[in-house]
$ cat entry.cif   # mmCIF, C-alpha atoms
data_input
#
loop_
_atom_site.label_atom_id
_atom_site.label_comp_id
_atom_site.auth_asym_id
_atom_site.auth_seq_id
_atom_site.Cartn_x
_atom_site.Cartn_y
_atom_site.Cartn_z
CA MET J 1 12.96 -16.85 4.73
CA CYS J 2 9.69 -15.58 3.28
CA ALA J 3 9.14 -18.81 1.35
CA VAL J 4 9.55 -20.88 4.52
CA CYS J 5 6.99 -18.63 6.21
CA ARG J 6 4.55 -19.06 3.30
CA LEU J 7 4.89 -22.84 3.56
CA GLN J 8 3.97 -22.75 7.24
CA ALA J 9 1.00 -20.40 6.90
CA ARG J 10 -1.99 -20.60 4.56
CA GLN J 11 -1.67 -17.01 3.39
CA GLY J 12 -2.06 -16.22 -0.29
CA ILE J 13 -4.22 -19.14 -1.42
CA VAL J 14 -4.37 -17.80 -4.99
CA GLU J 15 -0.78 -16.56 -5.19
CA PHE J 16 0.95 -19.47 -3.44
CA GLY J 17 -1.60 -22.30 -3.21
CA HIS J 18 -0.39 -24.26 -6.24
CA TRP J 19 3.26 -23.75 -5.28
CA ARG J 20 2.56 -24.91 -1.74
CA ARG J 21 0.77 -28.08 -2.92
CA GLU J 22 3.54 -28.97 -5.36
CA THR J 23 6.19 -28.30 -2.73
CA VAL J 24 4.49 -30.46 -0.11
CA GLN J 25 4.26 -33.28 -2.64
CA ARG J 26 7.93 -32.87 -3.52
CA LEU J 27 8.93 -32.88 0.15
CA SER J 28 6.99 -36.13 0.69
CA ARG J 29 9.31 -37.77 -1.87
CA ASP J 30 12.54 -36.07 -0.76
CA ARG J 31 13.47 -36.97 2.81
CA ARG J 32 16.62 -34.83 2.72
CA ALA J 33 14.68 -31.71 1.75
CA ALA J 34 11.95 -32.46 4.29
CA HIS J 35 14.57 -32.79 7.04
CA ALA J 36 16.18 -29.51 5.91
CA LEU J 37 12.84 -27.71 6.10
CA GLY J 38 12.27 -29.14 9.56
CA THR J 39 15.61 -27.69 10.63
CA LEU J 40 14.71 -24.26 9.30
CA ARG J 41 11.28 -24.26 10.93
CA THR J 42 12.92 -24.36 14.35
CA VAL J 43 14.44 -20.90 13.76
CA ILE J 44 11.96 -19.41 11.26
CA PRO J 45 8.49 -18.98 12.76
CA ALA J 46 5.55 -18.22 10.48
CA SER J 47 5.31 -14.82 12.18
CA GLY J 48 7.24 -12.86 14.75
CA TYR J 49 10.96 -12.51 15.34
CA ILE J 50 13.37 -14.20 12.90
CA PRO J 51 17.11 -14.02 13.71
CA ASP J 52 18.91 -11.53 11.47
CA PHE J 53 21.92 -13.79 10.87
CA LEU J 54 19.68 -15.86 8.59
CA THR J 55 19.47 -12.96 6.12
CA PRO J 56 23.00 -11.69 5.43
CA PRO J 57 23.47 -8.47 3.43
CA VAL J 58 22.19 -8.50 -0.13
CA THR J 59 25.15 -8.38 -2.53
CA GLY J 60 23.61 -9.46 -5.83
CA GLU J 61 25.85 -12.52 -5.77
CA CYS J 62 24.80 -16.15 -5.85
CA LEU J 63 23.24 -18.20 -3.07
CA GLU J 64 26.60 -19.64 -2.05
CA ALA J 65 27.98 -16.17 -1.34
CA GLY J 66 25.13 -15.54 1.09
CA LEU J 67 25.60 -18.93 2.75
CA GLU J 68 29.29 -18.20 3.19
CA GLN J 69 28.40 -14.97 5.01
CA LEU J 70 25.96 -16.87 7.20
CA ARG J 71 28.59 -19.44 8.17
CA ALA J 72 30.88 -16.59 9.21
CA THR J 73 28.40 -15.24 11.81
CA PRO J 74 30.33 -14.40 15.03
CA ARG J 75 29.54 -16.49 18.09
CA ASP J 76 28.47 -13.48 20.20
CA ARG J 77 25.98 -12.33 17.56
CA LEU J 78 24.58 -15.84 17.14
CA THR J 79 24.14 -16.19 20.91
CA ALA J 80 22.45 -12.79 21.23
CA GLU J 81 19.96 -13.46 18.45
CA LEU J 82 19.11 -16.98 19.63
CA THR J 83 18.61 -15.62 23.15
CA ARG J 84 16.08 -13.17 21.72
CA LEU J 85 14.41 -16.00 19.78
CA ALA J 86 14.19 -18.00 23.03
CA ASP J 87 11.91 -15.32 24.45
CA THR J 88 9.19 -16.43 22.00
CA ARG J 89 9.91 -20.13 21.35
CA PRO J 90 12.27 -22.92 22.45
CA VAL J 91 15.77 -22.72 21.01
CA PRO J 92 16.44 -25.82 18.87
CA GLY J 93 18.45 -28.56 20.53
CA TRP J 94 20.94 -28.79 17.67
CA MET J 95 22.20 -25.29 18.47
CA ARG J 96 25.46 -25.45 20.41
CA GLY J 97 25.89 -23.92 23.84
CA PRO J 98 27.22 -20.35 24.26
CA HIS J 99 30.73 -21.56 25.02
CA GLU J 100 31.06 -23.98 22.11
CA ARG J 101 32.09 -23.30 18.54
CA ALA J 102 29.31 -21.90 16.37
CA SER J 103 30.54 -23.40 13.10
CA PRO J 104 28.77 -26.82 13.35
CA SER J 105 25.39 -25.20 13.98
CA LEU J 106 25.90 -22.60 11.25
CA LYS J 107 26.93 -25.27 8.76
CA LEU J 108 23.78 -27.23 9.58
CA VAL J 109 21.64 -24.16 8.88
CA SER J 110 23.61 -23.37 5.72
CA ASP J 111 23.14 -26.91 4.38
CA ALA J 112 19.43 -26.77 5.23
CA LEU J 113 19.01 -23.51 3.34
CA ARG J 114 20.77 -24.90 0.28
CA ALA J 115 18.69 -28.10 0.25
CA SER J 116 15.46 -26.17 0.78
CA PHE J 117 16.24 -23.75 -2.02
CA GLN J 118 16.86 -26.63 -4.41
CA ALA J 119 13.62 -28.36 -3.38
CA PHE J 120 11.04 -25.60 -3.35
CA LEU J 121 12.51 -22.53 -5.02
CA ASP J 122 14.83 -23.65 -7.79
CA PRO J 123 12.05 -25.20 -9.96
CA TYR J 124 10.33 -21.79 -10.05
CA TRP J 125 13.38 -19.57 -9.93
CA ARG J 126 13.27 -18.30 -13.50
CA HIS J 127 9.77 -16.93 -13.03
CA VAL J 128 10.59 -15.50 -9.60
CA ARG J 129 13.61 -13.69 -11.04
CA SER J 130 11.54 -12.39 -13.94
CA ALA J 131 8.87 -10.99 -11.60
CA VAL J 132 11.49 -9.34 -9.40
CA GLY J 133 13.17 -7.93 -12.53
CA ASP J 134 9.86 -6.35 -13.56
CA ASP J 135 9.62 -4.65 -10.18
CA VAL J 136 13.20 -3.38 -10.36
CA SER J 137 12.43 -1.90 -13.78
CA ILE J 138 9.43 -0.05 -12.34
CA ARG J 139 11.51 1.36 -9.47
CA THR J 140 14.33 2.31 -11.83
CA ARG J 141 11.92 4.23 -14.05
CA ALA J 142 10.52 6.03 -11.00
CA VAL J 143 14.02 7.17 -9.97
CA LEU J 144 14.90 8.30 -13.49
CA ASP J 145 11.65 10.23 -13.90
CA GLY J 146 11.16 11.71 -10.44
CA GLY J 147 14.16 10.98 -8.23
CA THR J 148 14.22 9.38 -4.80
CA ALA J 149 10.91 10.96 -3.75
CA ALA J 150 9.13 9.29 -6.68
CA LEU J 151 10.74 5.97 -5.78
CA LEU J 152 9.53 6.17 -2.19
CA GLU J 153 6.07 7.42 -3.17
CA GLY J 154 5.79 4.41 -5.47
CA LEU J 155 6.01 2.01 -2.53
CA GLN J 156 2.32 2.52 -1.75
CA PRO J 157 0.26 0.81 -0.40
CA TYR J 158 3.02 -0.80 1.66
CA ALA J 159 4.63 2.48 2.69
CA ARG J 160 3.86 6.21 2.51
CA TRP J 161 6.50 8.88 1.93
CA ASN J 162 5.88 11.61 4.49
CA PRO J 163 9.13 13.65 4.37
CA PRO J 164 11.38 13.14 6.19
CA TYR J 165 9.74 9.87 7.27
CA LEU J 166 8.85 6.72 5.37
CA ASP J 167 5.76 5.38 7.16
CA VAL J 168 5.70 1.63 6.65
CA ASP J 169 2.76 -0.74 7.19
CA TYR J 170 4.76 -2.80 9.68
CA PRO J 171 3.38 -5.42 12.10
CA VAL J 172 4.91 -3.77 15.20
CA ASP J 173 5.41 -0.16 16.24
CA ARG J 174 9.05 0.86 15.85
CA GLU J 175 11.16 3.77 14.63
CA LEU J 176 14.40 3.31 12.72
CA ARG J 177 16.66 6.30 12.13
CA LEU J 178 19.00 6.02 9.18
CA GLU J 179 21.53 8.46 10.64
CA GLY J 180 23.25 8.93 7.32
CA ARG J 181 23.04 5.29 6.27
CA GLY J 182 21.40 4.21 3.05
CA LEU J 183 18.23 2.14 2.90
CA THR J 184 18.38 -1.02 0.80
CA LEU J 185 15.04 -1.91 -0.83
CA VAL J 186 14.63 -5.63 -1.50
CA PRO J 187 11.71 -6.74 -3.71
CA SER J 188 10.52 -10.20 -2.67
CA TYR J 189 8.26 -12.65 -4.46
CA PHE J 190 7.30 -14.50 -1.27
CA CYS J 191 6.91 -11.51 1.03
CA TRP J 192 3.20 -11.27 1.92
CA ARG J 193 1.00 -8.21 2.42
CA ARG J 194 3.41 -6.24 4.65
CA PRO J 195 7.08 -5.28 4.29
CA THR J 196 9.62 -6.69 6.71
CA ALA J 197 12.98 -5.50 7.98
CA LEU J 198 15.94 -6.56 10.07
CA ALA J 199 15.24 -6.54 13.77
CA ASP J 200 18.63 -5.14 14.89
CA PRO J 201 18.68 -1.35 14.33
CA SER J 202 22.50 -1.34 14.34
CA LEU J 203 22.64 -3.37 11.10
CA ASP J 204 22.53 -1.67 7.70
CA PRO J 205 18.85 -0.77 7.13
CA VAL J 206 16.93 -3.07 4.79
CA LEU J 207 13.27 -3.02 3.76
CA VAL J 208 11.89 -6.16 2.11
CA TYR J 209 8.57 -5.55 0.35
CA PRO J 210 6.08 -7.67 -1.65
CA ILE J 211 5.96 -7.43 -5.44
CA ARG J 212 3.05 -7.87 -7.83
CA LYS J 213 3.00 -11.43 -9.06
CA GLN J 214 1.18 -13.98 -11.16
CA PRO J 215 0.27 -17.28 -9.48
CA LEU J 216 3.14 -19.65 -10.18
CA ASP J 217 0.95 -22.28 -11.85
CA ILE J 218 -0.26 -19.75 -14.46
CA ALA J 219 3.24 -18.41 -15.01
CA ARG J 220 4.77 -21.87 -15.35
CA ALA J 221 2.14 -22.91 -17.90
CA GLY J 222 3.18 -19.97 -20.07
CA GLU J 223 6.86 -20.78 -19.62
CA GLU J 224 6.29 -24.42 -20.58
CA ARG J 225 4.57 -23.36 -23.81
CA LEU J 226 7.51 -21.08 -24.61
CA ASP J 227 9.99 -23.89 -23.82
CA ARG J 228 8.19 -26.22 -26.23
CA LEU J 229 8.39 -23.59 -28.96
CA LEU J 230 11.97 -22.41 -28.54
CA GLY J 231 13.64 -24.93 -26.27
CA ARG J 232 14.40 -24.38 -22.58
CA THR J 233 17.78 -22.67 -22.95
CA ARG J 234 16.76 -20.43 -25.84
CA SER J 235 13.53 -19.34 -24.16
CA ALA J 236 15.49 -18.54 -20.97
CA VAL J 237 17.85 -16.36 -23.01
CA LEU J 238 14.93 -14.52 -24.63
CA VAL J 239 13.21 -13.93 -21.26
CA ASP J 240 16.45 -12.62 -19.76
CA VAL J 241 17.11 -10.20 -22.64
CA ALA J 242 13.47 -9.04 -22.69
CA GLY J 243 13.62 -8.27 -18.98
CA HIS J 244 16.31 -5.60 -19.41
CA PRO J 245 16.70 -2.40 -21.45
CA ALA J 246 19.83 -3.92 -23.03
CA ARG J 247 21.94 -6.98 -22.35
CA THR J 248 25.45 -8.03 -23.34
CA THR J 249 26.30 -11.63 -24.15
CA THR J 250 28.44 -11.81 -21.01
CA GLU J 251 25.56 -10.60 -18.82
CA VAL J 252 23.21 -13.20 -20.30
CA ALA J 253 25.79 -15.94 -19.83
CA GLN J 254 26.42 -14.99 -16.21
CA ALA J 255 22.73 -14.62 -15.33
CA LEU J 256 21.81 -18.03 -16.77
CA GLU J 257 25.09 -19.77 -15.91
CA LEU J 258 25.82 -20.56 -19.57
CA ALA J 259 29.13 -20.78 -21.35
CA PRO J 260 29.70 -17.52 -23.30
CA ALA J 261 29.84 -19.47 -26.56
CA SER J 262 26.48 -21.09 -25.82
CA ALA J 263 24.88 -17.74 -24.94
CA SER J 264 26.29 -16.20 -28.12
CA TYR J 265 24.92 -19.06 -30.23
CA GLN J 266 21.43 -18.84 -28.72
CA ILE J 267 21.36 -15.05 -29.17
CA GLY J 268 22.38 -15.51 -32.79
CA VAL J 269 19.50 -17.92 -33.42
CA LEU J 270 17.02 -15.55 -31.76
CA ARG J 271 18.40 -12.64 -33.78
CA GLY J 272 17.96 -14.64 -36.99
CA ALA J 273 14.35 -15.28 -36.02
CA GLY J 274 13.69 -11.56 -35.55
CA LEU J 275 13.26 -11.82 -31.77
CA ILE J 276 16.45 -9.97 -30.77
CA VAL J 277 18.33 -7.04 -32.31
CA SER J 278 21.97 -6.31 -31.55
CA ARG J 279 23.97 -3.10 -31.79
CA ARG J 280 27.47 -2.07 -30.81
CA ASP J 281 27.88 0.39 -27.94
CA GLY J 282 31.55 1.19 -27.56
CA LYS J 283 33.44 -2.02 -26.80
CA HIS J 284 30.28 -4.04 -26.20
CA VAL J 285 27.52 -5.48 -28.35
CA GLU J 286 24.15 -5.02 -26.68
CA HIS J 287 21.01 -7.05 -27.36
CA THR J 288 17.38 -6.02 -26.94
CA ALA J 289 14.11 -7.86 -27.53
CA THR J 290 12.01 -6.84 -30.50
CA SER J 291 8.30 -6.03 -30.45
CA LEU J 292 7.68 -9.47 -31.95
CA ALA J 293 9.45 -11.06 -28.97
CA LEU J 294 7.53 -8.99 -26.45
CA ASN J 295 4.24 -9.92 -28.10
CA LEU J 296 5.28 -13.58 -28.04
CA LEU J 297 6.15 -13.39 -24.35
CA ALA J 298 2.92 -11.54 -23.57
CA GLY J 299 1.06 -14.48 -25.08
CA THR J 300 2.65 -16.78 -22.51
CA GLY J 301 1.61 -14.55 -19.62
CA THR J 302 5.07 -13.03 -19.20
CA THR J 303 5.08 -9.24 -18.97
CA PHE J 304 7.93 -6.77 -18.77
CA ARG J 305 8.12 -3.15 -17.76
CA ARG J 306 11.57 -2.23 -18.89
CA GLY J 307 13.20 0.94 -17.65
CA SER J 308 15.61 3.09 -19.60
CA LYS J 309 19.23 2.05 -19.84
CA THR J 310 21.36 3.69 -17.16
#
$ encode --input "entry.cif" --output "structure tokens"
Amino acid sequence: MCAVCRLQARQGIVEFGHWRRETVQRLSRDRRAAHALGTLRTVIPASGYIPDFLTPPVTGECLEAGLEQLRATPRDRLTAELTRLADTRPVPGWMRGPHERASPSLKLVSDALRASFQAFLDPYWRHVRSAVGDDVSIRTRAVLDGGTAALLEGLQPYARWNPPYLDVDYPVDRELRLEGRGLTLVPSYFCWRRPTALADPSLDPVLVYPIRKQPLDIARAGEERLDRLLGRTRSAVLVDVAGHPARTTTEVAQALELAPASASYQIGVLRGAGLIVSRRDGKHVEHTATSLALNLLAGTGTTFRRGSKT
């Protein structure tokens, strides 16, 4: 959702300018992706209300899991949220009437999201994941060192912990009471300047906030140099291991969608080169990046702030 908003607005010239130019060029050559983006623009304004059904609960699973949740949106919820959207802009004509089945419309949105992800996020996804991983490591360290208060205090300048309230720099004036519910913090590469949240207070509370980031053109240049040195798959394995306090072969394989045997082979090569060390911890063998690897990655513009193993 945030990436679609950044495409429509000219915010973040330094942070997103190169990505936006490359994406526009890619869309000019890919009619399917351009049509998908056009579909999404009808329900995702650059600012203002965005229907909550477009952002199902974060589960840590793959894109398809989220799209499956979206397609399962109940008709009454879809109607209510589109009615609210209609207060600010025309409801798209491809949306079915309130008495018709919702599944065709939801499938259209789901397909548009998938095509858009492949067109303007997937080429940059490794760097986006790395930047988000850095932020998660920072937040994890804050919790380990100072508890929940330290975590919330670390959200400045986007939010200020004023017990028992978290005062958020939010575009509209609203108050959300947790009432015993947890608050899910979602670091976002494409969130810009201010955090955002779900509009419906009855849904599980979520706060999406911006992370520190390198411009994608600078980050990709560093990644390309690393790929030329190590090869694309091997460099991806090294970046994944370096972004965590410790990593098992299975975790690396799942994160990068590699066969376990392939992940094991690449880790073995990196270990032989002195870039990864491995040690047994109970039933598992865990891998960590060496100082040599971290220095190598720093030379490509990739930085990591790894928290302690939990």
$ atom_distance --input "entry.cif" --atom1 "CA of Leu183 (chain J)" --atom2 "CA of Pro205 (chain J)"
5.2 Å
$ resolve_selection --input "entry.cif" --expression "the PyMOL selection byres ((chain J and resi 151) around 12)" --output "PyMOL selection string"
chain J and resi 135-150+152-156+159-161+166+185
$ axis_aligned_box --input "entry.cif" --around "region 244-255 of chain J" --padding-each-side "3 Å" --output "JSON"
{"center_x": 22.4, "center_y": -9.2, "center_z": -19.7, "size_x": 18.1, "size_y": 19.5, "size_z": 14.8}
$ residues_around --input "entry.cif" --residues "Lys107 (chain J)" --least-positions-apart "5" --cutoff "10 Å" --atoms "only C-alpha atoms" --output "list in words"
Leu67, Glu68, Leu70, Arg71, Ala72, Ala102, Ala112 and Leu113 of chain J
$ closest_atom_pairs --input "entry.cif" --of "region 29-81 of chain J" --to "region 187-204 of chain J" --cutoff "8 Å" --atoms "only C-alpha atoms" --output "Markdown table"
| residue | atom | partner | partner_atom | distance |
| --- | --- | --- | --- | --- |
| J:Tyr49 | CA | J:Ala199 | CA | 7.5 |
| J:Ile50 | CA | J:Ala199 | CA | 7.9 |
| J:Pro51 | CA | J:Ala199 | CA | 7.7 |
| J:Asp52 | CA | J:Leu198 | CA | 6.0 |
$ resolve_selection --input "entry.cif" --expression "the PyMOL selection byres ((chain J and resi 47) around 10)" --output "CSV table (one decimal) with C-alpha atoms, in the coordinates of the input"
chain,number,residue,atom,x,y,z
J,2,CYS,CA,9.7,-15.6,3.3
J,5,CYS,CA,7.0,-18.6,6.2
J,6,ARG,CA,4.6,-19.1,3.3
J,8,GLN,CA,4.0,-22.8,7.2
J,9,ALA,CA,1.0,-20.4,6.9
J,44,ILE,CA,12.0,-19.4,11.3
J,45,PRO,CA,8.5,-19.0,12.8
J,46,ALA,CA,5.6,-18.2,10.5
J,48,GLY,CA,7.2,-12.9,14.8
J,49,TYR,CA,11.0,-12.5,15.3
J,50,ILE,CA,13.4,-14.2,12.9
J,171,PRO,CA,3.4,-5.4,12.1
$ closest_residue --input "entry.cif" --among "J:His35, J:Arg21, J:His287, J:Arg212" --to "Gly133 (chain J)" --atoms "only C-alpha atoms"
J:Arg212
$ atom_distance --input "entry.cif" --atom1 "CA of Ala253 (chain J)" --atom2 "CA of Asp240 (chain J)"
9.9 Å
$ atom_distance --input "entry.cif" --atom1 "CA of Asp87 (chain J)" --atom2 "CA of Pro56 (chain J)"
22.3 Å
$ residues_near_point --input "entry.cif" --point "(26.1, -16.7, 17.3)" --cutoff "12 Å" --atoms "only C-alpha atoms" --output "NGL selection string"
:J and (51-54 or 70-85 or 95-106)
$ residues_around --input "entry.cif" --residues "Glu286 (chain J)" --least-positions-apart "2" --cutoff "8 Å" --atoms "all atoms listed in the file" --output "PyMOL selection string"
chain J and resi 246-249+278-281+284+288
$ closest_residue --input "entry.cif" --among "J:Thr39, J:Val239, J:Gln266, J:Ile276" --to "Leu297 (chain J)" --atoms "only C-alpha atoms"
J:Val239
$ resolve_selection --input "entry.cif" --expression "the PyMOL selection byres ((chain J and resi 27-33) around 9)" --output "JSON list (two decimals) with C-alpha atoms, in the coordinates of the input"
[["chain", "number", "residue", "atom", "x", "y", "z"],
["J", 22, "GLU", "CA", 3.54, -28.97, -5.36],
["J", 23, "THR", "CA", 6.19, -28.30, -2.73],
["J", 24, "VAL", "CA", 4.49, -30.46, -0.11],
["J", 25, "GLN", "CA", 4.26, -33.28, -2.64],
["J", 26, "ARG", "CA", 7.93, -32.87, -3.52],
["J", 34, "ALA", "CA", 11.95, -32.46, 4.29],
["J", 35, "HIS", "CA", 14.57, -32.79, 7.04],
["J", 36, "ALA", "CA", 16.18, -29.51, 5.91],
["J", 37, "LEU", "CA", 12.84, -27.71, 6.10],
["J", 38, "GLY", "CA", 12.27, -29.14, 9.56],
["J", 112, "ALA", "CA", 19.43, -26.77, 5.23],
["J", 115, "ALA", "CA", 18.69, -28.10, 0.25],
["J", 116, "SER", "CA", 15.46, -26.17, 0.78],
["J", 117, "PHE", "CA", 16.24, -23.75, -2.02],
["J", 118, "GLN", "CA", 16.86, -26.63, -4.41],
["J", 119, "ALA", "CA", 13.62, -28.36, -3.38],
["J", 120, "PHE", "CA", 11.04, -25.60, -3.35]]
$ closest_residue --input "entry.cif" --among "J:Tyr209, J:Tyr165, J:Tyr265, J:Trp19" --to "Asp122 (chain J)" --atoms "all atoms listed in the file"
J:Trp19
